[in-house]
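K.L.:
Below is the file target-v1.txt, which contains compact mmCIF, N, CA and C atoms.
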```
# COMPACT_ATOMS: atom_id res chain seq x y z
N GLU A 1 0.84 -1.17 0.00
CA GLU A 1 0.00 0.00 0.00
C GLU A 1 0.89 1.24 0.00
N ALA A 2 0.65 2.15 -0.90
CA ALA A 2 1.44 3.38 -0.98
C ALA A 2 0.50 4.57 -0.85
N GLY A 3 0.67 5.34 0.23
CA GLY A 3 -0.19 6.51 0.43
C GLY A 3 -1.65 6.14 0.60
N GLY A 4 -1.93 4.98 1.19
CA GLY A 4 -3.31 4.57 1.42
C GLY A 4 -3.97 3.95 0.22
N LYS A 5 -3.26 3.86 -0.89
CA LYS A 5 -3.83 3.27 -2.10
C LYS A 5 -3.12 1.97 -2.43
N LEU A 6 -3.86 1.05 -2.99
CA LEU A 6 -3.32 -0.23 -3.40
C LEU A 6 -2.56 -0.04 -4.72
N LYS A 7 -1.33 -0.54 -4.79
CA LYS A 7 -0.60 -0.48 -6.05
C LYS A 7 -1.31 -1.37 -7.05
N GLU A 8 -1.32 -0.95 -8.33
CA GLU A 8 -2.11 -1.69 -9.32
C GLU A 8 -1.69 -3.13 -9.52
N ASP A 9 -0.44 -3.48 -9.22
CA ASP A 9 -0.01 -4.86 -9.41
C ASP A 9 0.01 -5.67 -8.12
N GLU A 10 -0.43 -5.09 -7.01
CA GLU A 10 -0.33 -5.77 -5.71
C GLU A 10 -1.13 -7.07 -5.66
N ILE A 11 -2.37 -7.05 -6.08
CA ILE A 11 -3.19 -8.27 -6.02
C ILE A 11 -2.65 -9.30 -7.00
N ALA A 12 -2.25 -8.89 -8.19
CA ALA A 12 -1.69 -9.83 -9.16
C ALA A 12 -0.42 -10.47 -8.59
N ARG A 13 0.44 -9.69 -7.89
CA ARG A 13 1.64 -10.25 -7.28
C ARG A 13 1.28 -11.23 -6.17
N GLN A 14 0.24 -10.93 -5.39
CA GLN A 14 -0.20 -11.85 -4.34
C GLN A 14 -0.71 -13.17 -4.94
N ILE A 15 -1.42 -13.09 -6.04
CA ILE A 15 -1.91 -14.29 -6.72
C ILE A 15 -0.74 -15.14 -7.20
N GLN A 16 0.25 -14.49 -7.82
CA GLN A 16 1.43 -15.22 -8.29
C GLN A 16 2.18 -15.87 -7.13
N LEU A 17 2.29 -15.17 -6.00
CA LEU A 17 2.95 -15.72 -4.83
C LEU A 17 2.19 -16.93 -4.29
N THR A 18 0.88 -16.84 -4.23
CA THR A 18 0.06 -17.96 -3.75
C THR A 18 0.26 -19.17 -4.65
N ARG A 19 0.31 -18.98 -5.95
CA ARG A 19 0.48 -20.09 -6.89
C ARG A 19 1.80 -20.83 -6.69
N ARG A 20 2.80 -20.15 -6.13
CA ARG A 20 4.10 -20.80 -5.89
C ARG A 20 4.13 -21.57 -4.56
N GLN A 21 3.11 -21.39 -3.72
CA GLN A 21 3.08 -22.05 -2.42
C GLN A 21 2.56 -23.47 -2.55
N PRO A 22 3.29 -24.46 -2.03
CA PRO A 22 2.81 -25.85 -2.09
C PRO A 22 1.48 -25.98 -1.33
N GLY A 23 0.54 -26.67 -1.93
CA GLY A 23 -0.75 -26.92 -1.29
C GLY A 23 -1.76 -25.80 -1.41
N ALA A 24 -1.38 -24.65 -1.97
CA ALA A 24 -2.34 -23.56 -2.13
C ALA A 24 -3.31 -23.91 -3.25
N GLY A 25 -4.59 -23.81 -2.98
CA GLY A 25 -5.60 -24.19 -3.95
C GLY A 25 -6.21 -23.05 -4.73
N GLY A 26 -5.83 -21.81 -4.43
CA GLY A 26 -6.40 -20.69 -5.16
C GLY A 26 -6.47 -19.45 -4.31
N ASN A 27 -7.18 -18.46 -4.81
CA ASN A 27 -7.35 -17.17 -4.14
C ASN A 27 -8.82 -16.84 -4.07
N ILE A 28 -9.18 -16.06 -3.09
CA ILE A 28 -10.56 -15.60 -2.96
C ILE A 28 -10.56 -14.08 -3.01
N LEU A 29 -11.33 -13.54 -3.92
CA LEU A 29 -11.56 -12.10 -3.99
C LEU A 29 -12.99 -11.89 -3.53
N TYR A 30 -13.17 -11.28 -2.39
CA TYR A 30 -14.50 -11.19 -1.79
C TYR A 30 -15.46 -10.36 -2.61
N SER A 31 -14.99 -9.31 -3.21
CA SER A 31 -15.86 -8.51 -4.06
C SER A 31 -15.03 -7.96 -5.21
N PHE A 32 -15.46 -8.29 -6.41
CA PHE A 32 -14.75 -7.82 -7.59
C PHE A 32 -15.26 -6.44 -8.02
N HIS A 33 -16.37 -6.00 -7.43
CA HIS A 33 -17.01 -4.75 -7.85
C HIS A 33 -16.06 -3.56 -7.77
N TRP A 34 -15.35 -3.40 -6.66
CA TRP A 34 -14.47 -2.24 -6.52
C TRP A 34 -13.27 -2.31 -7.46
N LEU A 35 -12.94 -3.52 -7.92
CA LEU A 35 -11.82 -3.65 -8.84
C LEU A 35 -12.17 -3.16 -10.25
N GLN A 36 -13.44 -3.22 -10.58
CA GLN A 36 -13.86 -2.84 -11.93
C GLN A 36 -13.59 -1.37 -12.24
N ASP A 37 -13.57 -0.52 -11.23
CA ASP A 37 -13.32 0.90 -11.45
C ASP A 37 -11.84 1.21 -11.64
N ASN A 38 -10.98 0.29 -11.22
CA ASN A 38 -9.54 0.48 -11.37
C ASN A 38 -9.11 -0.30 -12.61
N HIS A 39 -9.03 0.37 -13.74
CA HIS A 39 -8.77 -0.29 -15.01
C HIS A 39 -7.39 -0.94 -15.08
N LEU A 40 -6.38 -0.33 -14.46
CA LEU A 40 -5.05 -0.95 -14.45
C LEU A 40 -5.07 -2.25 -13.66
N LEU A 41 -5.71 -2.23 -12.50
CA LEU A 41 -5.79 -3.42 -11.67
C LEU A 41 -6.65 -4.49 -12.33
N ALA A 42 -7.76 -4.10 -12.92
CA ALA A 42 -8.63 -5.07 -13.60
C ALA A 42 -7.89 -5.73 -14.76
N GLY A 43 -7.12 -4.97 -15.51
CA GLY A 43 -6.33 -5.53 -16.60
C GLY A 43 -5.27 -6.50 -16.10
N SER A 44 -4.65 -6.17 -14.99
CA SER A 44 -3.65 -7.05 -14.39
C SER A 44 -4.29 -8.36 -13.96
N LEU A 45 -5.48 -8.31 -13.37
CA LEU A 45 -6.17 -9.53 -12.94
C LEU A 45 -6.64 -10.36 -14.13
N ARG A 46 -7.08 -9.70 -15.21
CA ARG A 46 -7.51 -10.45 -16.40
C ARG A 46 -6.38 -11.30 -16.95
N SER A 47 -5.14 -10.80 -16.83
CA SER A 47 -4.02 -11.58 -17.33
C SER A 47 -3.75 -12.79 -16.44
N GLU A 48 -4.14 -12.73 -15.17
CA GLU A 48 -3.95 -13.85 -14.25
C GLU A 48 -5.08 -14.87 -14.36
N TYR A 49 -6.28 -14.41 -14.63
CA TYR A 49 -7.45 -15.28 -14.72
C TYR A 49 -8.00 -15.21 -16.13
N ARG A 50 -7.58 -16.13 -16.98
CA ARG A 50 -7.96 -16.09 -18.38
C ARG A 50 -9.29 -16.77 -18.66
N GLU A 51 -9.74 -17.65 -17.75
CA GLU A 51 -10.97 -18.39 -17.98
C GLU A 51 -11.94 -18.17 -16.82
N SER A 52 -13.23 -18.26 -17.13
CA SER A 52 -14.25 -18.17 -16.10
C SER A 52 -14.27 -19.45 -15.27
N ALA A 53 -14.81 -19.35 -14.09
CA ALA A 53 -14.93 -20.52 -13.22
C ALA A 53 -16.27 -20.45 -12.48
N LEU A 54 -16.79 -21.61 -12.17
CA LEU A 54 -17.99 -21.69 -11.34
C LEU A 54 -17.60 -21.56 -9.88
N VAL A 55 -18.52 -21.06 -9.07
CA VAL A 55 -18.28 -21.06 -7.63
C VAL A 55 -18.41 -22.51 -7.15
N PRO A 56 -17.71 -22.88 -6.08
CA PRO A 56 -17.83 -24.25 -5.58
C PRO A 56 -19.27 -24.58 -5.21
N ALA A 57 -19.62 -25.85 -5.35
CA ALA A 57 -20.98 -26.30 -5.02
C ALA A 57 -21.26 -26.10 -3.54
N SER A 58 -22.51 -25.75 -3.25
CA SER A 58 -23.00 -25.60 -1.87
C SER A 58 -24.20 -26.52 -1.71
N PRO A 59 -23.99 -27.84 -1.68
CA PRO A 59 -25.11 -28.77 -1.66
C PRO A 59 -26.00 -28.64 -0.42
N TRP A 60 -25.50 -28.08 0.67
CA TRP A 60 -26.32 -27.89 1.87
C TRP A 60 -27.40 -26.84 1.65
N LEU A 61 -27.29 -26.05 0.58
CA LEU A 61 -28.32 -25.06 0.25
C LEU A 61 -29.36 -25.62 -0.71
N GLY A 62 -29.16 -26.81 -1.17
CA GLY A 62 -30.05 -27.47 -2.12
C GLY A 62 -29.23 -28.42 -2.96
N GLY A 63 -29.23 -29.68 -2.59
CA GLY A 63 -28.33 -30.63 -3.21
C GLY A 63 -28.89 -31.42 -4.36
N THR A 64 -30.11 -31.09 -4.81
CA THR A 64 -30.68 -31.84 -5.92
C THR A 64 -30.06 -31.38 -7.24
N PRO A 65 -29.41 -32.28 -7.95
CA PRO A 65 -28.81 -31.86 -9.22
C PRO A 65 -29.89 -31.68 -10.29
N PRO A 66 -29.63 -30.82 -11.24
CA PRO A 66 -30.56 -30.71 -12.37
C PRO A 66 -30.51 -32.01 -13.16
N PRO A 67 -31.56 -32.32 -13.92
CA PRO A 67 -31.51 -33.51 -14.76
C PRO A 67 -30.50 -33.35 -15.89
N LYS A 68 -30.06 -34.48 -16.39
CA LYS A 68 -29.12 -34.50 -17.51
C LYS A 68 -29.78 -33.82 -18.71
N PRO A 69 -29.08 -32.89 -19.36
CA PRO A 69 -29.66 -32.23 -20.53
C PRO A 69 -29.75 -33.18 -21.73
N ASN A 70 -30.61 -32.82 -22.67
CA ASN A 70 -30.75 -33.55 -23.92
C ASN A 70 -29.96 -32.78 -24.97
N LEU A 71 -28.87 -33.36 -25.45
CA LEU A 71 -27.93 -32.70 -26.36
C LEU A 71 -28.04 -33.30 -27.75
N LYS A 72 -28.09 -32.43 -28.78
CA LYS A 72 -28.13 -32.94 -30.15
C LYS A 72 -27.47 -31.95 -31.10
N VAL A 73 -27.04 -32.47 -32.24
CA VAL A 73 -26.49 -31.64 -33.32
C VAL A 73 -27.66 -31.24 -34.20
N VAL A 74 -27.80 -29.94 -34.43
CA VAL A 74 -28.89 -29.41 -35.24
C VAL A 74 -28.47 -29.26 -36.69
N SER A 75 -27.24 -28.82 -36.90
CA SER A 75 -26.74 -28.66 -38.27
C SER A 75 -25.24 -28.92 -38.26
N SER A 76 -24.73 -29.41 -39.39
CA SER A 76 -23.30 -29.73 -39.45
C SER A 76 -22.47 -28.62 -40.09
N VAL A 77 -23.09 -27.77 -40.91
CA VAL A 77 -22.36 -26.66 -41.52
C VAL A 77 -23.20 -25.39 -41.42
N PRO A 78 -22.90 -24.47 -40.53
CA PRO A 78 -21.90 -24.60 -39.49
C PRO A 78 -22.39 -25.60 -38.43
N LEU A 79 -21.45 -26.12 -37.65
CA LEU A 79 -21.81 -27.07 -36.61
C LEU A 79 -22.58 -26.34 -35.52
N GLN A 80 -23.85 -26.69 -35.40
CA GLN A 80 -24.68 -26.08 -34.37
C GLN A 80 -25.21 -27.18 -33.46
N ILE A 81 -25.03 -26.97 -32.17
CA ILE A 81 -25.57 -27.91 -31.18
C ILE A 81 -26.67 -27.21 -30.40
N ARG A 82 -27.57 -28.01 -29.89
CA ARG A 82 -28.68 -27.50 -29.08
C ARG A 82 -28.90 -28.47 -27.95
N TRP A 83 -29.29 -27.96 -26.80
CA TRP A 83 -29.60 -28.81 -25.67
C TRP A 83 -30.85 -28.28 -24.98
N LEU A 84 -31.58 -29.20 -24.41
CA LEU A 84 -32.80 -28.87 -23.68
C LEU A 84 -32.66 -29.39 -22.26
N PRO A 85 -33.17 -28.63 -21.29
CA PRO A 85 -33.11 -29.11 -19.91
C PRO A 85 -34.12 -30.23 -19.71
N GLY A 86 -33.83 -31.11 -18.77
CA GLY A 86 -34.79 -32.14 -18.39
C GLY A 86 -35.80 -31.57 -17.39
N GLU A 87 -36.76 -32.37 -17.02
CA GLU A 87 -37.76 -31.95 -16.04
C GLU A 87 -37.15 -31.96 -14.65
N GLY A 88 -37.38 -30.92 -13.88
CA GLY A 88 -36.87 -30.88 -12.50
C GLY A 88 -36.15 -29.58 -12.23
N GLU A 89 -35.14 -29.66 -11.37
CA GLU A 89 -34.34 -28.51 -10.97
C GLU A 89 -33.81 -27.78 -12.21
N PRO A 90 -34.12 -26.48 -12.34
CA PRO A 90 -33.62 -25.76 -13.53
C PRO A 90 -32.12 -25.51 -13.45
N ALA A 91 -31.52 -25.36 -14.60
CA ALA A 91 -30.09 -25.07 -14.68
C ALA A 91 -29.88 -23.57 -14.54
N ARG A 92 -28.95 -23.18 -13.71
CA ARG A 92 -28.54 -21.78 -13.59
C ARG A 92 -27.43 -21.50 -14.60
N TRP A 93 -26.58 -22.52 -14.81
CA TRP A 93 -25.48 -22.43 -15.76
C TRP A 93 -25.39 -23.72 -16.55
N TRP A 94 -24.77 -23.63 -17.70
CA TRP A 94 -24.42 -24.79 -18.50
C TRP A 94 -22.91 -24.79 -18.64
N VAL A 95 -22.30 -25.94 -18.50
CA VAL A 95 -20.88 -26.07 -18.78
C VAL A 95 -20.77 -26.82 -20.10
N LEU A 96 -20.30 -26.11 -21.11
CA LEU A 96 -20.10 -26.68 -22.44
C LEU A 96 -18.62 -26.99 -22.58
N GLN A 97 -18.31 -28.23 -22.94
CA GLN A 97 -16.92 -28.63 -23.15
C GLN A 97 -16.85 -29.35 -24.48
N TYR A 98 -15.80 -29.05 -25.24
CA TYR A 98 -15.60 -29.78 -26.48
C TYR A 98 -14.11 -29.96 -26.73
N GLN A 99 -13.80 -31.09 -27.36
CA GLN A 99 -12.42 -31.45 -27.63
C GLN A 99 -12.17 -31.44 -29.12
N THR A 100 -11.14 -30.71 -29.52
CA THR A 100 -10.69 -30.71 -30.91
C THR A 100 -9.28 -31.29 -30.93
N ARG A 101 -8.67 -31.32 -32.08
CA ARG A 101 -7.31 -31.87 -32.16
C ARG A 101 -6.30 -31.02 -31.40
N THR A 102 -6.65 -29.77 -31.09
CA THR A 102 -5.73 -28.90 -30.35
C THR A 102 -5.96 -28.91 -28.85
N GLY A 103 -7.02 -29.58 -28.38
CA GLY A 103 -7.26 -29.66 -26.94
C GLY A 103 -8.71 -29.39 -26.57
N TRP A 104 -8.93 -29.31 -25.27
CA TRP A 104 -10.26 -29.09 -24.73
C TRP A 104 -10.56 -27.61 -24.57
N VAL A 105 -11.83 -27.24 -24.81
CA VAL A 105 -12.32 -25.88 -24.58
C VAL A 105 -13.48 -26.02 -23.60
N THR A 106 -13.51 -25.15 -22.60
CA THR A 106 -14.61 -25.14 -21.63
C THR A 106 -15.23 -23.75 -21.63
N GLU A 107 -16.55 -23.70 -21.70
CA GLU A 107 -17.28 -22.43 -21.64
C GLU A 107 -18.36 -22.55 -20.58
N ILE A 108 -18.55 -21.50 -19.82
CA ILE A 108 -19.64 -21.45 -18.85
C ILE A 108 -20.68 -20.51 -19.42
N LEU A 109 -21.88 -21.02 -19.62
CA LEU A 109 -22.96 -20.27 -20.25
C LEU A 109 -24.11 -20.09 -19.25
N THR A 110 -24.87 -19.04 -19.42
CA THR A 110 -26.00 -18.80 -18.54
C THR A 110 -27.13 -19.80 -18.82
N GLY A 111 -27.97 -20.00 -17.83
CA GLY A 111 -29.04 -20.99 -17.92
C GLY A 111 -30.05 -20.74 -19.02
N ASP A 112 -30.14 -19.52 -19.54
CA ASP A 112 -31.11 -19.24 -20.60
C ASP A 112 -30.58 -19.57 -21.99
N GLN A 113 -29.32 -19.90 -22.10
CA GLN A 113 -28.76 -20.29 -23.40
C GLN A 113 -29.06 -21.75 -23.67
N ARG A 114 -29.38 -22.07 -24.92
CA ARG A 114 -29.75 -23.44 -25.27
C ARG A 114 -29.10 -23.93 -26.56
N ALA A 115 -28.25 -23.10 -27.18
CA ALA A 115 -27.64 -23.50 -28.45
C ALA A 115 -26.30 -22.79 -28.60
N ARG A 116 -25.47 -23.38 -29.46
CA ARG A 116 -24.15 -22.79 -29.70
C ARG A 116 -23.65 -23.25 -31.06
N ASN A 117 -23.09 -22.32 -31.82
CA ASN A 117 -22.39 -22.66 -33.06
C ASN A 117 -20.93 -22.86 -32.71
N LEU A 118 -20.36 -23.97 -33.17
CA LEU A 118 -18.95 -24.26 -32.92
C LEU A 118 -18.19 -24.09 -34.22
N THR A 119 -17.27 -23.16 -34.24
CA THR A 119 -16.50 -22.87 -35.46
C THR A 119 -15.08 -23.39 -35.29
N GLY A 120 -14.35 -23.44 -36.35
CA GLY A 120 -12.97 -23.92 -36.30
C GLY A 120 -12.91 -25.43 -36.47
N ASP A 121 -11.94 -26.04 -35.82
CA ASP A 121 -11.77 -27.50 -35.90
C ASP A 121 -13.04 -28.22 -35.46
N LYS A 122 -13.38 -29.28 -36.19
CA LYS A 122 -14.56 -30.07 -35.83
C LYS A 122 -14.28 -30.82 -34.52
N PRO A 123 -15.16 -30.67 -33.52
CA PRO A 123 -14.93 -31.35 -32.25
C PRO A 123 -15.04 -32.86 -32.36
N GLN A 124 -14.19 -33.54 -31.62
CA GLN A 124 -14.25 -35.00 -31.52
C GLN A 124 -15.25 -35.41 -30.45
N THR A 125 -15.35 -34.61 -29.41
CA THR A 125 -16.28 -34.86 -28.31
C THR A 125 -16.92 -33.55 -27.91
N ILE A 126 -18.21 -33.59 -27.61
CA ILE A 126 -18.94 -32.42 -27.11
C ILE A 126 -19.69 -32.88 -25.87
N ALA A 127 -19.64 -32.08 -24.81
CA ALA A 127 -20.33 -32.43 -23.57
C ALA A 127 -21.00 -31.19 -22.98
N VAL A 128 -22.18 -31.39 -22.41
CA VAL A 128 -22.90 -30.31 -21.73
C VAL A 128 -23.35 -30.84 -20.37
N THR A 129 -23.13 -30.03 -19.35
CA THR A 129 -23.54 -30.34 -17.98
C THR A 129 -24.39 -29.19 -17.47
N ALA A 130 -25.51 -29.50 -16.83
CA ALA A 130 -26.34 -28.49 -16.19
C ALA A 130 -25.83 -28.28 -14.76
N VAL A 131 -25.84 -27.04 -14.30
CA VAL A 131 -25.41 -26.72 -12.94
C VAL A 131 -26.52 -25.92 -12.27
N SER A 132 -26.91 -26.34 -11.07
CA SER A 132 -28.00 -25.68 -10.34
C SER A 132 -27.54 -24.36 -9.73
N ARG A 133 -28.46 -23.64 -9.14
CA ARG A 133 -28.14 -22.36 -8.49
C ARG A 133 -27.20 -22.54 -7.32
N THR A 134 -27.14 -23.76 -6.76
CA THR A 134 -26.23 -24.03 -5.64
C THR A 134 -24.94 -24.71 -6.10
N GLY A 135 -24.71 -24.78 -7.41
CA GLY A 135 -23.47 -25.31 -7.94
C GLY A 135 -23.40 -26.82 -8.08
N VAL A 136 -24.54 -27.50 -7.89
CA VAL A 136 -24.57 -28.95 -8.02
C VAL A 136 -24.74 -29.31 -9.49
N ALA A 137 -23.90 -30.21 -10.00
CA ALA A 137 -23.88 -30.55 -11.42
C ALA A 137 -24.71 -31.78 -11.73
N SER A 138 -25.27 -31.79 -12.92
CA SER A 138 -26.03 -32.93 -13.44
C SER A 138 -25.07 -33.98 -13.99
N ALA A 139 -25.64 -35.07 -14.45
CA ALA A 139 -24.87 -36.03 -15.24
C ALA A 139 -24.51 -35.34 -16.56
N VAL A 140 -23.45 -35.79 -17.19
CA VAL A 140 -22.96 -35.18 -18.42
C VAL A 140 -23.67 -35.77 -19.63
N ALA A 141 -24.14 -34.90 -20.53
CA ALA A 141 -24.66 -35.34 -21.83
C ALA A 141 -23.51 -35.17 -22.81
N ALA A 142 -23.16 -36.24 -23.53
CA ALA A 142 -21.99 -36.17 -24.41
C ALA A 142 -22.29 -36.74 -25.79
N LEU A 143 -21.64 -36.19 -26.78
CA LEU A 143 -21.66 -36.70 -28.16
C LEU A 143 -20.22 -36.96 -28.56
N VAL A 144 -19.97 -38.10 -29.16
CA VAL A 144 -18.64 -38.45 -29.64
C VAL A 144 -18.72 -38.66 -31.13
N ALA A 145 -17.81 -38.02 -31.86
CA ALA A 145 -17.79 -38.15 -33.32
C ALA A 145 -17.44 -39.57 -33.72
N ARG A 146 -18.14 -40.05 -34.74
CA ARG A 146 -17.84 -41.40 -35.26
C ARG A 146 -16.64 -41.34 -36.17
N GLU A 147 -15.82 -42.38 -36.10
CA GLU A 147 -14.67 -42.49 -37.00
C GLU A 147 -15.17 -42.94 -38.35
N ASN A 148 -14.73 -42.30 -39.42
CA ASN A 148 -15.14 -42.70 -40.78
C ASN A 148 -14.04 -43.49 -41.43
```
Rewrite the coordinates I just gave you, this time as structure tokens.
P.N.:
Amino acid sequence: EAGGKLKEDEIARQIQLTRRQPGAGGNILYSFHWLQDNHLLAGSLRSEYRESALVPASPWLGGTPPPKPNLKVVSSVPLQIRWLPGEGEPARWWVLQYQTRTGWVTEILTGDQRARNLTGDKPQTIAVTAVSRTGVASAVAALVAREN
């Protein structure tokens, strides 16, 4: 802290230090709201956290998982997938994962999304998981490309 103000790289340096500690599982930022107004600090944090993450599950607040979604390919050019929720606990988020020859991609989508166009390399595997408001995950719906 310099003059009562946080240096713009202080939190990023703390995150890097934590990552070097054996057994450290991550960092907790209690409120990101105040960071949004500090553009230098927000940019520094974006470089440390490149992907979104779900909050850990809180099954004691409601442990019923959403039903497994119904996943299907709607069109092959462009590759469009669509999924529908099952009956029961609604999904707050969807975790979309797909594997191409270059690796796995994971996206966290809001519960109101039901379709996605996948561009680039054709995925070998596509998976969608529903996640409840308390972070409890459903069974995975997956599609695997057939070998020709």
K.L.:
If you count only N, CA and C atoms, which residues fall within 6 Å of Leu84 (chain A), apart from same-chain ones fewer than 5 positions away, as a compact mmCIF listing (two decimals) with N, CA and C atoms, in the coordinates of the input?
P.N.:
```
# COMPACT_ATOMS: atom_id res chain seq x y z
N PRO A 69 -29.08 -32.89 -19.36
CA PRO A 69 -29.66 -32.23 -20.53
C PRO A 69 -29.75 -33.18 -21.73
N ASN A 70 -30.61 -32.82 -22.67
CA ASN A 70 -30.75 -33.55 -23.92
C ASN A 70 -29.96 -32.78 -24.97
N LEU A 71 -28.87 -33.36 -25.45
CA LEU A 71 -27.93 -32.70 -26.36
C LEU A 71 -28.04 -33.30 -27.75
```
K.L.:
Write out as CSV the residues of region 98-118 of chain A that have any atom within 10 Å of an atom of region 90-94 of chain A, one row each with the nearest atom pair and its distance in Å to one decimal, counting only C-alpha atoms, sorted by chain and then rising number.
P.N.:
```
residue,atom,partner,partner_atom,distance
A:Glu107,CA,A:Trp94,CA,8.1
A:Ile108,CA,A:Trp94,CA,5.8
A:Leu109,CA,A:Trp94,CA,5.1
A:Thr110,CA,A:Trp93,CA,4.6
A:Gly111,CA,A:Trp93,CA,4.4
A:Asp112,CA,A:Arg92,CA,7.9
A:Gln113,CA,A:Trp94,CA,7.9
A:Arg114,CA,A:Trp94,CA,8.7
```
K.L.:
Point out the residue among A:Ala42, A:Ile28, A:Val136, A:Ile81 with the least atom-to-atom distance to Gly63 (chain A), counting only C-alpha atoms.
P.N.:
A:Val136
K.L.:
Between atom N of Arg146 (chain A) and CA of Thr125 (chain A), measure the distance and give it in Å to one decimal.
P.N.:
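Between these atoms lies a distance of 8.5 Å.
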K.L.:
Take atom N of Lys72 (chain A) and CA of Ala142 (chain A) and report the distance between them in Å, one decimal.
P.N.:
8.4 Å
K.L.:
Compile the contact shell of Asp9 (chain A) as a ChimeraX atom specification: residues with an atom at most 7 Å away, counting only N, CA and C atoms, same-chain residues fewer than 4 positions apart removed.
P.N.:
/A:13-14,40-41,44
K.L.:
Would you mind listing what lies within 8 Å of Gly26 (chain A) as JSON, numbers by chain, with all atoms listed in the file counted and same-chain residues fewer than 5 positions away left out?
P.N.:
{"A": [15, 18, 19]}
K.L.:
List the spatial neighbours of Leu96 (chain A) as a PyMOL selection string - criterion: any atom at most 8 Å away, only N, CA and C atoms, same-chain residues fewer than 6 positions off excluded.
P.N.:
chain A and resi 105-109+126-130
K.L.:
Just to be explicit: take each residue in the selection above, keep N, CA and C atoms, and write the result as a PDB file, in the coordinates of the input.
P.N.:
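Result file is out14.pdb:
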```pdb
ATOM      1  N   VAL A 105     -11.830 -27.240 -24.810  1.00  0.00           N
ATOM      2  CA  VAL A 105     -12.320 -25.880 -24.580  1.00  0.00           C
ATOM      3  C   VAL A 105     -13.480 -26.020 -23.600  1.00  0.00           C
ATOM      4  N   THR A 106     -13.510 -25.150 -22.600  1.00  0.00           N
ATOM      5  CA  THR A 106     -14.610 -25.140 -21.630  1.00  0.00           C
ATOM      6  C   THR A 106     -15.230 -23.750 -21.630  1.00  0.00           C
ATOM      7  N   GLU A 107     -16.550 -23.700 -21.700  1.00  0.00           N
ATOM      8  CA  GLU A 107     -17.280 -22.430 -21.640  1.00  0.00           C
ATOM      9  C   GLU A 107     -18.360 -22.550 -20.580  1.00  0.00           C
ATOM     10  N   ILE A 108     -18.550 -21.500 -19.820  1.00  0.00           N
ATOM     11  CA  ILE A 108     -19.640 -21.450 -18.850  1.00  0.00           C
ATOM     12  C   ILE A 108     -20.680 -20.510 -19.420  1.00  0.00           C
ATOM     13  N   LEU A 109     -21.880 -21.020 -19.620  1.00  0.00           N
ATOM     14  CA  LEU A 109     -22.960 -20.270 -20.250  1.00  0.00           C
ATOM     15  C   LEU A 109     -24.110 -20.090 -19.250  1.00  0.00           C
ATOM     16  N   ILE A 126     -18.210 -33.590 -27.610  1.00  0.00           N
ATOM     17  CA  ILE A 126     -18.940 -32.420 -27.110  1.00  0.00           C
ATOM     18  C   ILE A 126     -19.690 -32.880 -25.870  1.00  0.00           C
ATOM     19  N   ALA A 127     -19.640 -32.080 -24.810  1.00  0.00           N
ATOM     20  CA  ALA A 127     -20.330 -32.430 -23.570  1.00  0.00           C
ATOM     21  C   ALA A 127     -21.000 -31.190 -22.980  1.00  0.00           C
ATOM     22  N   VAL A 128     -22.180 -31.390 -22.410  1.00  0.00           N
ATOM     23  CA  VAL A 128     -22.900 -30.310 -21.730  1.00  0.00           C
ATOM     24  C   VAL A 128     -23.350 -30.840 -20.370  1.00  0.00           C
ATOM     25  N   THR A 129     -23.130 -30.030 -19.350  1.00  0.00           N
ATOM     26  CA  THR A 129     -23.540 -30.340 -17.980  1.00  0.00           C
ATOM     27  C   THR A 129     -24.390 -29.190 -17.470  1.00  0.00           C
ATOM     28  N   ALA A 130     -25.510 -29.500 -16.830  1.00  0.00           N
ATOM     29  CA  ALA A 130     -26.340 -28.490 -16.190  1.00  0.00           C
ATOM     30  C   ALA A 130     -25.830 -28.280 -14.760  1.00  0.00           C
TER      31      ALA A 130
END
```
K.L.:
Go through A:Glu89, A:Thr102, A:Gln80, A:His39 and flag the residue nearest Leu118 (chain A), using all atoms listed in the file for the distances.
P.N.:
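Closest residue, counting all atoms listed in the file: A:Gln80.
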K.L.:
Show me, as a PyMOL selection string, the residues that have an atom within 9 Å of Lys122 (chain A) when counting only C-alpha atoms, minus same-chain residues fewer than 6 positions from it.
P.N.:
chain A and resi 79+99-101
